[in-house]
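Containing mmCIF, C-alpha atoms and all ligand atoms: coords_33.cif.
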```
data_query
loop_
_atom_site.label_atom_id
_atom_site.label_comp_id
_atom_site.auth_asym_id
_atom_site.auth_seq_id
_atom_site.Cartn_x
_atom_site.Cartn_y
_atom_site.Cartn_z
CA MET A 1 94.92 136.53 120.75
CA HIS A 2 92.73 134.91 123.40
CA LEU A 3 89.56 133.03 122.62
CA THR A 4 86.82 132.30 125.10
CA THR A 5 85.40 128.82 124.93
CA GLU A 6 82.14 127.92 126.56
CA VAL A 7 82.88 124.56 128.01
CA LEU A 8 86.18 123.02 128.93
CA GLU A 9 86.50 119.95 131.05
CA ARG A 10 89.91 120.30 132.62
CA PRO A 11 90.57 117.65 135.26
CA GLU A 12 92.62 118.89 138.17
CA HIS A 13 95.64 116.76 137.19
CA ALA A 14 95.98 118.56 133.84
CA GLN A 15 99.52 119.54 134.76
CA ALA A 16 100.59 116.03 135.86
CA PRO A 17 104.32 115.41 135.43
CA ALA A 18 105.28 113.63 132.24
CA HIS A 19 106.57 110.46 133.97
CA ALA A 20 103.17 109.86 135.54
CA ALA A 21 101.32 110.17 132.27
CA ALA A 22 101.53 106.61 130.98
CA THR A 23 99.87 105.22 134.07
CA VAL A 24 97.28 107.95 134.56
CA ARG A 25 93.76 106.61 134.64
CA GLU A 26 90.86 108.79 133.59
CA ARG A 27 89.39 110.68 136.53
CA ALA A 28 86.09 112.46 136.87
CA PRO A 29 86.34 115.83 135.10
CA ALA A 30 85.98 119.05 137.04
CA PRO A 31 82.71 120.92 136.53
CA SER A 32 82.47 122.75 133.20
CA ARG A 33 83.35 126.43 133.20
CA SER A 34 84.19 129.19 130.79
CA ILE A 35 87.89 129.64 130.32
CA GLU A 36 90.30 131.83 128.41
CA VAL A 37 92.35 129.70 126.07
CA PRO A 38 95.41 131.07 124.29
CA ALA A 39 94.88 130.03 120.66
CA ALA A 40 98.63 129.83 120.08
CA GLN A 41 99.09 126.96 122.54
CA PRO A 42 96.83 124.10 121.54
CA GLN A 43 96.08 121.42 124.10
CA ILE A 44 95.96 117.70 123.47
CA TRP A 45 93.44 115.44 125.17
CA PHE A 46 95.36 112.46 126.55
CA ASP A 47 93.66 109.67 128.50
CA GLY A 48 91.11 112.05 130.01
CA LYS A 49 93.22 115.11 130.72
CA PHE A 50 94.58 118.05 128.74
CA ILE A 51 98.31 118.40 128.23
CA SER A 52 100.36 120.81 126.19
CA THR A 53 101.16 119.77 122.61
CA ASP A 54 104.86 119.31 123.19
CA ALA A 55 104.64 117.42 126.51
CA PRO A 56 106.68 114.17 126.25
CA GLU A 57 104.10 111.57 127.24
CA ALA A 58 104.90 108.27 125.52
CA PRO A 59 107.75 106.17 126.92
CA LEU A 60 110.38 104.97 124.46
CA THR A 61 109.21 101.38 124.94
CA THR A 62 105.75 102.27 123.60
CA HIS A 63 104.66 99.26 121.56
CA ALA A 64 103.01 101.41 118.86
CA MET A 65 106.30 103.17 118.21
CA HIS A 66 108.04 99.86 117.54
CA TYR A 67 105.31 98.01 115.63
CA GLY A 68 102.71 100.55 114.49
CA THR A 69 100.08 99.08 116.81
CA ALA A 70 97.83 102.12 116.76
CA VAL A 71 94.69 103.29 115.02
CA PHE A 72 94.01 106.86 113.96
CA GLU A 73 91.34 108.94 112.30
CA GLY A 74 91.40 112.09 110.23
CA ILE A 75 88.29 114.16 110.91
CA ARG A 76 87.39 117.75 110.17
CA SER A 77 85.30 120.43 111.77
CA TYR A 78 84.07 123.49 109.93
CA ALA A 79 82.93 126.91 111.02
CA THR A 80 79.19 127.31 110.55
CA ALA A 81 77.27 130.45 109.62
CA ASP A 82 75.74 130.78 113.11
CA GLY A 83 79.20 131.54 114.53
CA GLY A 84 79.66 128.00 115.83
CA ALA A 85 81.31 124.93 114.37
CA ALA A 86 80.36 121.39 113.50
CA VAL A 87 82.25 118.14 113.05
CA PHE A 88 81.53 116.41 109.76
CA ARG A 89 80.34 112.80 110.02
CA LEU A 90 81.85 112.26 113.46
CA PRO A 91 79.98 108.99 114.26
CA GLU A 92 81.11 107.40 110.99
CA HIS A 93 84.76 108.29 111.66
CA LEU A 94 84.62 106.96 115.20
CA GLU A 95 82.88 103.78 114.10
CA ARG A 96 85.66 103.13 111.58
CA MET A 97 88.18 103.78 114.35
CA ARG A 98 86.37 101.30 116.60
CA LYS A 99 86.66 98.65 113.89
CA GLY A 100 90.41 99.30 113.66
CA ALA A 101 90.77 99.20 117.45
CA ASP A 102 88.96 95.86 117.52
CA MET A 103 91.73 94.41 115.37
CA PHE A 104 94.21 94.94 118.22
CA GLY A 105 91.73 94.22 121.01
CA ILE A 106 91.77 97.86 122.07
CA ASP A 107 88.76 98.69 124.19
CA PHE A 108 87.52 101.73 122.27
CA ASP A 109 84.60 103.68 123.71
CA VAL A 110 83.00 105.62 120.86
CA GLU A 111 81.00 107.89 123.20
CA ARG A 112 84.07 108.84 125.22
CA ALA A 113 86.12 109.49 122.08
CA GLY A 114 83.32 111.67 120.69
CA ARG A 115 83.25 113.74 123.87
CA ALA A 116 87.04 114.05 123.75
CA VAL A 117 86.89 115.36 120.17
CA LEU A 118 84.33 118.04 121.05
CA ASP A 119 86.10 119.00 124.29
CA THR A 120 89.43 119.39 122.50
CA LEU A 121 87.93 121.65 119.83
CA ARG A 122 86.37 123.77 122.57
CA ALA A 123 89.56 123.84 124.63
CA ASN A 124 91.56 125.06 121.64
CA GLY A 125 88.89 127.45 120.37
CA HIS A 126 89.15 125.70 116.98
CA ARG A 127 86.31 125.96 114.46
CA ASP A 128 87.90 125.11 111.07
CA ALA A 129 90.16 122.30 112.17
CA TYR A 130 91.72 118.96 111.38
CA ILE A 131 91.09 116.49 114.18
CA ARG A 132 93.47 113.62 114.88
CA PRO A 133 92.39 110.98 117.39
CA LEU A 134 94.86 108.16 117.96
CA THR A 135 94.49 105.08 120.10
CA TRP A 136 97.54 102.96 120.71
CA MET A 137 99.15 100.08 122.53
CA GLY A 138 101.48 101.39 125.19
CA THR A 139 103.83 99.55 127.51
CA GLY A 140 103.96 96.21 129.31
CA SER A 141 105.86 94.05 126.85
CA ILE A 142 108.01 94.41 123.78
CA GLY A 143 106.82 91.10 122.31
CA LEU A 144 104.20 90.61 119.62
CA ASP A 145 101.45 89.50 121.99
CA VAL A 146 99.44 92.66 122.62
CA ASP A 147 97.32 91.33 125.51
CA PRO A 148 99.57 92.60 128.35
CA LEU A 149 99.85 96.14 126.99
CA SER A 150 98.39 99.37 128.32
CA GLN A 151 95.95 101.16 126.00
CA HIS A 152 95.76 104.90 125.37
CA LEU A 153 93.75 107.52 123.53
CA MET A 154 94.63 111.04 122.49
CA VAL A 155 92.91 113.73 120.45
CA ALA A 156 94.75 116.63 118.82
CA THR A 157 93.13 119.42 116.84
CA MET A 158 95.01 121.55 114.34
CA ALA A 159 94.05 124.70 112.54
CA LYS A 160 95.96 123.59 109.44
CA VAL A 161 95.17 120.67 107.13
CA VAL A 162 98.09 118.90 105.51
CA HIS A 163 96.96 116.68 102.62
CA LEU A 164 97.06 118.00 99.01
CA GLY A 165 95.70 121.37 100.06
CA GLY A 166 92.90 121.65 97.48
CA ALA A 167 95.26 122.46 94.59
CA ARG A 168 95.13 120.67 91.24
CA THR A 169 97.23 117.61 91.80
CA ARG A 170 99.98 115.93 89.75
CA LEU A 171 99.48 112.21 90.10
CA THR A 172 101.69 109.28 89.10
CA VAL A 173 101.14 105.53 89.10
CA SER A 174 103.15 104.09 91.96
CA PRO A 175 105.57 101.20 91.48
CA TRP A 176 104.43 100.13 94.98
CA LYS A 177 101.28 98.00 95.36
CA ARG A 178 98.65 98.75 98.00
CA ASN A 179 98.57 96.54 101.09
CA PRO A 180 96.25 93.74 99.96
CA ALA A 181 93.13 93.44 102.11
CA THR A 182 94.00 89.76 102.58
CA SER A 183 97.12 90.88 104.50
CA LEU A 184 95.95 94.09 106.14
CA PRO A 185 92.34 95.23 106.46
CA PRO A 186 91.68 98.58 104.75
CA LEU A 187 91.30 100.47 108.02
CA LYS A 188 93.36 103.25 109.53
CA LEU A 189 95.90 101.04 111.28
CA SER A 190 98.98 103.20 111.80
CA GLY A 191 101.57 100.59 110.73
CA ALA A 192 99.78 100.08 107.42
CA TYR A 193 100.53 103.68 106.46
CA VAL A 194 104.18 102.89 105.86
CA ASN A 195 102.86 101.64 102.51
CA SER A 196 101.40 105.10 101.75
CA ILE A 197 104.53 106.85 102.95
CA LEU A 198 106.80 104.82 100.64
CA ALA A 199 104.54 105.51 97.67
CA LYS A 200 104.25 109.22 98.44
CA ARG A 201 107.99 109.57 98.89
CA GLU A 202 108.72 107.81 95.62
CA ALA A 203 106.16 109.97 93.74
CA LYS A 204 107.61 113.19 95.15
CA GLN A 205 111.13 112.12 94.21
CA ARG A 206 109.92 111.95 90.61
CA GLY A 207 108.36 115.44 90.82
CA PHE A 208 104.71 114.47 91.41
CA ASP A 209 102.41 115.42 94.30
CA GLU A 210 100.71 112.13 94.89
CA ALA A 211 100.86 108.40 94.08
CA LEU A 212 98.12 106.28 92.58
CA PHE A 213 98.02 102.63 93.59
CA THR A 214 96.96 100.13 90.95
CA ASP A 215 96.75 96.35 91.36
CA ASP A 216 98.49 93.58 89.41
CA LYS A 217 95.56 93.31 87.02
CA GLY A 218 95.62 97.00 86.10
CA TYR A 219 92.69 98.12 88.27
CA VAL A 220 92.83 101.40 90.16
CA VAL A 221 92.91 101.05 93.95
CA GLU A 222 93.25 104.49 95.59
CA CYS A 223 95.82 107.16 96.42
CA THR A 224 97.99 107.33 99.53
CA GLY A 225 95.30 109.16 101.51
CA ALA A 226 92.34 109.65 99.19
CA ASN A 227 89.82 107.74 97.06
CA VAL A 228 89.52 108.15 93.30
CA PHE A 229 86.63 109.31 91.08
CA MET A 230 86.36 109.89 87.35
CA VAL A 231 83.94 111.79 85.13
CA LYS A 232 83.21 110.65 81.59
CA ASN A 233 80.54 112.26 79.39
CA GLY A 234 79.07 113.92 82.49
CA GLU A 235 78.74 110.61 84.39
CA VAL A 236 80.51 110.36 87.71
CA THR A 237 82.06 107.03 88.75
CA SER A 238 83.61 106.18 92.08
CA VAL A 239 86.47 103.68 91.99
CA GLU A 240 85.70 100.60 94.06
CA HIS A 241 88.43 98.20 95.16
CA ARG A 242 88.62 95.76 98.04
CA ASP A 243 92.10 96.98 99.03
CA ALA A 244 90.97 100.62 99.28
CA LEU A 245 89.85 102.37 102.45
CA PRO A 246 86.07 102.82 102.35
CA GLY A 247 86.32 106.59 102.57
CA ILE A 248 83.70 108.69 104.29
CA THR A 249 84.24 111.52 101.79
CA ARG A 250 83.82 108.95 99.02
CA ASP A 251 80.50 107.92 100.52
CA THR A 252 79.52 111.61 100.80
CA MET A 253 80.46 112.32 97.18
CA ILE A 254 78.47 109.31 95.97
CA ALA A 255 75.43 110.60 97.89
CA LEU A 256 75.86 114.13 96.49
CA SER A 257 76.53 113.12 92.87
CA GLY A 258 74.65 109.84 92.45
CA ALA A 259 77.95 108.36 91.22
CA ALA A 260 78.10 104.69 90.29
CA SER A 261 80.56 102.66 92.34
CA ARG A 262 82.50 100.00 90.44
CA GLU A 263 85.93 98.67 89.58
CA VAL A 264 87.83 100.91 87.14
CA THR A 265 90.93 100.08 85.09
CA LEU A 266 93.87 102.46 84.76
CA HIS A 267 93.11 102.55 81.06
CA GLU A 268 89.59 103.91 81.75
CA LEU A 269 90.94 106.47 84.18
CA LEU A 270 93.40 107.78 81.59
CA ASP A 271 90.52 108.04 79.13
CA ALA A 272 88.24 110.01 81.51
CA ASP A 273 87.32 113.68 81.00
CA GLU A 274 88.02 114.52 84.64
CA VAL A 275 89.62 112.70 87.54
CA PHE A 276 89.46 113.82 91.13
CA VAL A 277 90.55 112.34 94.43
CA CYS A 278 88.81 112.90 97.73
CA GLY A 279 89.29 112.46 101.42
CA THR A 280 88.62 114.27 104.66
CA ALA A 281 91.89 116.19 104.50
CA ALA A 282 92.04 116.58 100.70
CA GLU A 283 88.30 117.27 100.24
CA ALA A 284 87.92 117.04 96.42
CA CYS A 285 91.13 117.65 94.48
CA ALA A 286 91.07 117.81 90.70
CA ILE A 287 93.84 115.85 88.99
CA ASP A 288 95.93 117.99 86.71
CA VAL A 289 98.16 115.27 85.26
CA LEU A 290 98.32 111.51 85.60
CA ASP A 291 101.83 110.69 84.41
CA ARG A 292 101.87 111.86 80.78
CA ARG A 293 98.08 112.39 80.51
CA VAL A 294 97.14 116.05 81.01
CA PHE A 295 93.53 116.74 82.01
CA GLY A 296 91.70 119.85 80.87
CA ASP A 297 89.04 121.87 82.63
CA ASN A 298 87.10 120.15 85.41
CA PRO A 299 83.60 121.66 85.66
CA VAL A 300 81.95 118.64 87.29
CA THR A 301 84.67 118.40 89.95
CA ARG A 302 84.31 122.14 90.62
CA GLU A 303 80.57 121.86 91.03
CA LEU A 304 80.81 118.87 93.35
CA SER A 305 83.54 120.55 95.33
CA ALA A 306 81.39 123.63 95.84
CA LEU A 307 78.43 121.51 96.91
CA TYR A 308 80.65 119.60 99.36
CA ALA A 309 81.86 122.91 100.83
CA GLN A 310 78.26 123.97 101.45
CA VAL A 311 77.28 120.66 102.99
CA VAL A 312 80.22 120.47 105.44
CA ARG A 313 79.54 124.04 106.59
CA GLY A 314 75.87 123.35 107.24
CA GLN A 315 74.64 125.58 104.41
CA ASP A 316 72.49 122.80 102.99
CA ARG A 317 69.99 121.81 105.67
CA GLY A 318 69.21 118.59 103.78
CA TYR A 319 72.48 117.18 105.10
CA ALA A 320 72.37 118.61 108.62
CA HIS A 321 72.27 115.05 109.99
CA TRP A 322 75.94 114.68 109.02
CA LEU A 323 76.99 117.50 111.35
CA THR A 324 77.72 117.30 115.06
CA ALA A 325 77.62 120.73 116.68
CA VAL A 326 80.71 121.60 118.72
C1 LIG B 401 94.35 105.45 102.29
C2 LIG B 401 93.20 106.37 102.36
N1 LIG B 401 92.23 106.29 101.44
C3 LIG B 401 91.17 107.10 101.45
C4 LIG B 401 91.03 108.08 102.42
C5 LIG B 401 89.82 108.94 102.45
O1 LIG B 401 89.01 108.57 103.55
P1 LIG B 401 88.05 109.62 104.25
O2 LIG B 401 87.22 110.21 103.18
O3 LIG B 401 87.24 108.77 105.18
O4 LIG B 401 88.88 110.62 104.93
C6 LIG B 401 92.01 108.21 103.41
C7 LIG B 401 91.91 109.26 104.42
O5 LIG B 401 91.69 109.00 105.54
C8 LIG B 401 93.11 107.33 103.39
O6 LIG B 401 94.06 107.40 104.33
#
```
As structure tokens, what does this structure read like?
Amino acid sequence: MHLTTEVLERPEHAQAPAHAAATVRERAPAPSRSIEVPAAQPQIWFDGKFISTDAPEAPLTTHAMHYGTAVFEGIRSYATADGGAAVFRLPEHLERMRKGADMFGIDFDVERAGRAVLDTLRANGHRDAYIRPLTWMGTGSIGLDVDPLSQHLMVATMAKVVHLGGARTRLTVSPWKRNPATSLPPLKLSGAYVNSILAKREAKQRGFDEALFTDDKGYVVECTGANVFMVKNGEVTSVEHRDALPGITRDTMIALSGAASREVTLHELLDADEVFVCGTAAEACAIDVLDRRVFGDNPVTRELSALYAQVVRGQDRGYAHWLTAV
């Protein structure tokens, strides 16, 4: 199947050989034009040019590969009723990414990254998509001083979303603790996600879908890639914790539900009528079990989930300001 996209900036060096890629500087893009894009071969935006998904671009001495010195985002676009698509809360995602990039001294241009996101969606003809920008420290030294290193940015878009998949989720309390904010800021720094990966792996080995982080005092923190909410007697509460990522979906759900945001103990969570977790990839996922606690029906989660689905697809004009047209 071939899709026609309206605008694709494809610089003339789009087919540059792999060995040249690490040193390629962004060049002025060629004039926009309509182009036939094979949907089966997605392109990745890399430092201002499009390359094929499987092109080997990062040298083996890439600093980020050794130390996790990279920052990523997970963003989504949705098909809209007018036949187009829109990215949900793009400026907020890129602003969080900028904060992460600042931690490493990466010069992150929000405007340029925003253009790259939209151009990649257009190039791939993607409407319902998961968007993965990544900025990273490249080559120049293998030491821990990042100043001499090259800096890079890529954007990939994928038609498939990978986290939790909207199904009712089996959750378990992790024996691992979340990275404390006093050691690692709750931002999307790639290296920090080893913590999530260990917890997820351990949970899956015990037959669960997802891990719940709690702190030493018994307060709920978050999941490996999602924030936590509970419903008790019809009241929605969003779990707040300084070690948790300030999720954009969390912020959205608070706005849509009027949820209170406060610290919540594991004991309270187990006593709730409904628990759900949310994130860009997961959207809102009802929790089926939390260790031995089995939750029943989840009408409030269902209702909020349905409202969220309308908002992200532009069906509720009251929230149109959260959408960036592709
Ligand atoms: C650790 C963690 N918590 C929460 C979230 C949810 O954040 P958001 O709603 O901004 O996607 C994510 C997803 O990015 C995450 O990785």
Study note, to complete from the structure: Shortest contact to ligand LIG 401 (chain B), candidates A:Gly218, A:Gly74, A:Pro91, A:Pro133, atoms counted all atoms listed in the file, goes to A:Gly74
Exercise for review: Counting all atoms listed in the file, name the residues that have an atom within 10 Å of an atom of ligand LIG 401 (chain B); the answer should be given as a PyMOL selection string.
Suggested key: chain A and resi 72-76+89+92-93+96+163+178-179+186-190+192-193+195-196+213+221-228+243-253+277-284
Exercise for review: Take CA of Ala181 in chain A and CA of Phe108 in chain A and report the distance between them in Å, one decimal.
Suggested key: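 CA of Phe108 in chain A lies at a distance of 22.5 Å from CA of Ala181 in chain A.
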Check your understanding: For Ile44 in chain A, which residue among A:Ile142, A:Leu94, A:Ala156, A:Ala58 is the nearest when counting all atoms listed in the file?
Key ->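 Counting all atoms listed in the file, the residue closest to Ile44 in chain A is A:Ala156.
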Extract, using all atoms listed in the file, all DNA, RNA and protein residues at most 12 Å from Ala113 in chain A, discarding same-chain residues fewer than 5 positions from it, and format them as a PDB file with C-alpha atoms, keeping the file's coordinate frame.
```
ATOM      1  CA  TRP A  45      93.440 115.440 125.170  1.00  0.00           C
ATOM      2  CA  PHE A  46      95.360 112.460 126.550  1.00  0.00           C
ATOM      3  CA  ASP A  47      93.660 109.670 128.500  1.00  0.00           C
ATOM      4  CA  GLY A  48      91.110 112.050 130.010  1.00  0.00           C
ATOM      5  CA  PHE A  72      94.010 106.860 113.960  1.00  0.00           C
ATOM      6  CA  GLU A  73      91.340 108.940 112.300  1.00  0.00           C
ATOM      7  CA  LEU A  90      81.850 112.260 113.460  1.00  0.00           C
ATOM      8  CA  PRO A  91      79.980 108.990 114.260  1.00  0.00           C
ATOM      9  CA  HIS A  93      84.760 108.290 111.660  1.00  0.00           C
ATOM     10  CA  LEU A  94      84.620 106.960 115.200  1.00  0.00           C
ATOM     11  CA  GLU A  95      82.880 103.780 114.100  1.00  0.00           C
ATOM     12  CA  MET A  97      88.180 103.780 114.350  1.00  0.00           C
ATOM     13  CA  ARG A  98      86.370 101.300 116.600  1.00  0.00           C
ATOM     14  CA  ASP A 107      88.760  98.690 124.190  1.00  0.00           C
ATOM     15  CA  PHE A 108      87.520 101.730 122.270  1.00  0.00           C
ATOM     16  CA  LEU A 118      84.330 118.040 121.050  1.00  0.00           C
ATOM     17  CA  ASP A 119      86.100 119.000 124.290  1.00  0.00           C
ATOM     18  CA  THR A 120      89.430 119.390 122.500  1.00  0.00           C
ATOM     19  CA  ILE A 131      91.090 116.490 114.180  1.00  0.00           C
ATOM     20  CA  ARG A 132      93.470 113.620 114.880  1.00  0.00           C
ATOM     21  CA  PRO A 133      92.390 110.980 117.390  1.00  0.00           C
ATOM     22  CA  LEU A 134      94.860 108.160 117.960  1.00  0.00           C
ATOM     23  CA  THR A 135      94.490 105.080 120.100  1.00  0.00           C
ATOM     24  CA  HIS A 152      95.760 104.900 125.370  1.00  0.00           C
ATOM     25  CA  LEU A 153      93.750 107.520 123.530  1.00  0.00           C
ATOM     26  CA  MET A 154      94.630 111.040 122.490  1.00  0.00           C
ATOM     27  CA  VAL A 155      92.910 113.730 120.450  1.00  0.00           C
ATOM     28  CA  ALA A 156      94.750 116.630 118.820  1.00  0.00           C
TER      29      ALA A 156
END
```
**Study point:** d(CA of Leu270 in chain A, CA of Gln205 in chain A) in Å
**Key:**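 Between these atoms lies a distance of 22.2 Å.
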Exercise for review: Counting all atoms listed in the file, figure out which residue out of A:Arg242, A:Arg313, A:Lys217, A:His126 gets nearest to Asp82 in chain A.
Suggested key: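 Once distances to Asp82 in chain A are computed over all atoms listed in the file, the minimum belongs to A:Arg313.
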